[in-house]
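Novice: Quick one: the structure is below, and I'll ask about it shortly.
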Amino acid sequence: MASPTDIEAAARALREGQLVAFPTETVYGLGADATNGEAVARVYAAKGRPSFNPLIAHVPDAEAAFALGAFSPEAKALASAFWPGPVSLVVPRAADCPVSLLASAGLDSIAIRVPSHPVALELLKATGRPVVAPSANPSGKISPTTAEHVRRHLKDKVAVVLDGGHCKVGVESTVVSFLADGPRLLRHGGVPKAEIEKVLGHAIAAQSHSARPHAPGQLLSHYAPHAELRLNAQAPREGEAYLGFGPLHAYGPWTLSATGDLVEAAASLFRLLHEIDATGVARIAVAPIPHQGLGEAINDRLMRAAAPRTA
Ligand code: AMP
Ligand code: MG
């Protein structure tokens, strides 16, 4: 079982941008400082996820959650009924939300949870920053419910594995969104839908069919810039902004990574797309990104952002 000294060391590692596996009551999480884009990028790299899906930011109490997003009275009611516990709430990001845009996969919403496992709570308090923590398993493998499961696959990728025994709940958190279309159940999990409806006093819709992911991580309502994207572009054409990869170029101020580092590129991706979009340019030409490591996830997001819009 993790000692206070282990937890302190893990908090330090998180603040330095390293990855830490820790127990929650649902499953073990692969944690990173949510405010550090490169640390978040390393989570996707360690899991070998071929796609960026939004991650849940974990905080030690509701007050810390309310600083990250805009909670409606109904969202607050669920927070006070189920936190700490296995419910994640998706709300609009606060204007000054410090969580990396990569953790939100470029969306203007954020998923937040207060876990109840004592080791998780102590770690979050000691870290003093929101911590993203998807399940600590390689992509495609089952979620870990003991420290030994985590060590088997991810030992070399994390600075610390905190041991907190068996996860009591053993399935992921229930995810409920409170966005413009009203409350929706995005994922079944540790708290049954009926219990959530009891607190709200009315039934909630499941995610609308058109927006339902085909597989985990395949949210159809993904981030897309207003500008049209042209991929694998060696140079911009007339009227296009250019997003490079590698040393700064003659076509403007934007490169995903001047040194050609895919971790830095992943961390910058959504921020730079937002920044270029804000100039009001109609088209963005994007340099070729090597299709290896995190490059696969970057190319996946770019391809979706470039795909024809369904309005
Ligand atoms: P995990 O962190 O692996 O437990 O899974 C996080 C899940 O939360 C994802 O599969 C998403 O469905 C959901 N999620 C997280 N953030 C958002 C968001 N901003 N909008 C919609 N769904 C989200
Ligand atoms: Mg998982």
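Residues are named by chain letter and number: chains run A, B, ... in the order of the structure tokens, numbers start at 1 in each chain, and ligands are numbered from 1 in the order shown.
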Considering only C-alpha atoms and all ligand atoms, give me a table of residues in chain A that are at most 6 Å from ligand 1, with the closest atom pair and distance in Å for each, as CSV.

Specialist:
residue,atom,partner,partner_atom_place_in_ligand_line,distance
A:Pro54,CA,ligand 1,16 (N),4.3
A:Leu55,CA,ligand 1,2 (O),4.3
A:Ile56,CA,ligand 1,2 (O),4.7
A:Val90,CA,ligand 1,18 (C),5.6
A:Ser104,CA,ligand 1,19 (N),5.3
A:Leu107,CA,ligand 1,19 (N),5.9
A:Ser109,CA,ligand 1,19 (N),4.3
A:Ile110,CA,ligand 1,19 (N),4.1
A:Ala111,CA,ligand 1,16 (N),4.2
A:Ala133,CA,ligand 1,2 (O),5.9
A:Pro134,CA,ligand 1,2 (O),3.7
A:Ser135,CA,ligand 1,3 (O),5.4
A:Glu172,CA,ligand 1,4 (O),5.9
A:Pro216,CA,ligand 1,10 (O),5.6
A:Gly217,CA,ligand 1,10 (O),5.4

Novice: Residues near region 296-298 of chain A, anyone? I mean within 7 Å using only C-alpha atoms, not counting same-chain ones fewer than 3 positions away, as number ranges by chain.

Specialist: A: 49-52, 266, 291-293, 301-302

Novice: Using backbone DSSP assignments, extract all strand (DSSP E) residues from region 84-247 of chain A; output them as an MDAnalysis selection string.

Specialist: chainID A and resid 87:92 109:113 131:132 160:161 174:179 182:187 205:206 228:230 240:243

Novice: Identify which of the residues A:His226, A:Val87, A:Gly170, A:Leu101 lies closest to ligand 2, counting only C-alpha atoms and all ligand atoms when measuring atom-to-atom distances.

Specialist: A:Gly170

Novice: Kindly assemble as CSV a list of the region 128-235 of chain A residues that lie within 7 Å of region 1-15 of chain A, each paired with its nearest atom pair and their distance in Å to one decimal, using only C-alpha atoms, sorted first by chain and then by ascending residue number.

Specialist:
residue,atom,partner,partner_atom,distance
A:Ala159,CA,A:Ala13,CA,6.8
A:Val160,CA,A:Ala10,CA,6.1
A:Leu162,CA,A:Ala2,CA,5.5
A:Asp163,CA,A:Met1,CA,5.0
A:Gly164,CA,A:Met1,CA,5.3
A:Gly165,CA,A:Met1,CA,6.7

Novice: Please, which residues have at least one atom within 9 Å of an atom of ligand 2, using only C-alpha atoms and all ligand atoms, listed as number ranges by chain?

Specialist: A: 27, 29, 134-144, 172, 216

Novice: For Leu294 (chain A), list every protein, DNA or RNA residue within 10 Å, evaluated using only C-alpha atoms, and leave out those in the same chain fewer than 6 positions away; present the list as JSON, numbers by chain.

Specialist: {"A": [41, 42, 44, 45, 46, 48, 49, 50, 51, 52, 261, 262, 263, 264, 265, 266, 300]}

Novice: What would the file look like if the residues just selected were written as a compact mmCIF listing (two decimals), in the first residue's frame with C-alpha atoms?

Specialist:
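Final output, saved to out-v9.txt:
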# COMPACT_ATOMS: atom_id res chain seq x y z
CA ALA A 41 0.77 14.04 -24.88
CA ARG A 42 2.94 11.43 -23.13
CA TYR A 44 -1.48 9.13 -25.26
CA ALA A 45 2.01 7.95 -26.29
CA ALA A 46 2.29 5.57 -23.30
CA GLY A 48 -0.34 3.76 -27.69
CA ARG A 49 -3.70 5.33 -28.50
CA PRO A 50 -4.02 5.95 -32.24
CA SER A 51 -6.41 8.83 -31.56
CA PHE A 52 -6.79 11.75 -29.14
CA ASP A 261 9.37 16.45 -31.76
CA LEU A 262 6.03 14.60 -31.94
CA VAL A 263 5.30 15.04 -28.20
CA GLU A 264 5.64 18.80 -28.54
CA ALA A 265 3.60 18.70 -31.76
CA ALA A 266 0.75 16.85 -30.03
CA ASP A 300 -6.07 10.94 -37.11
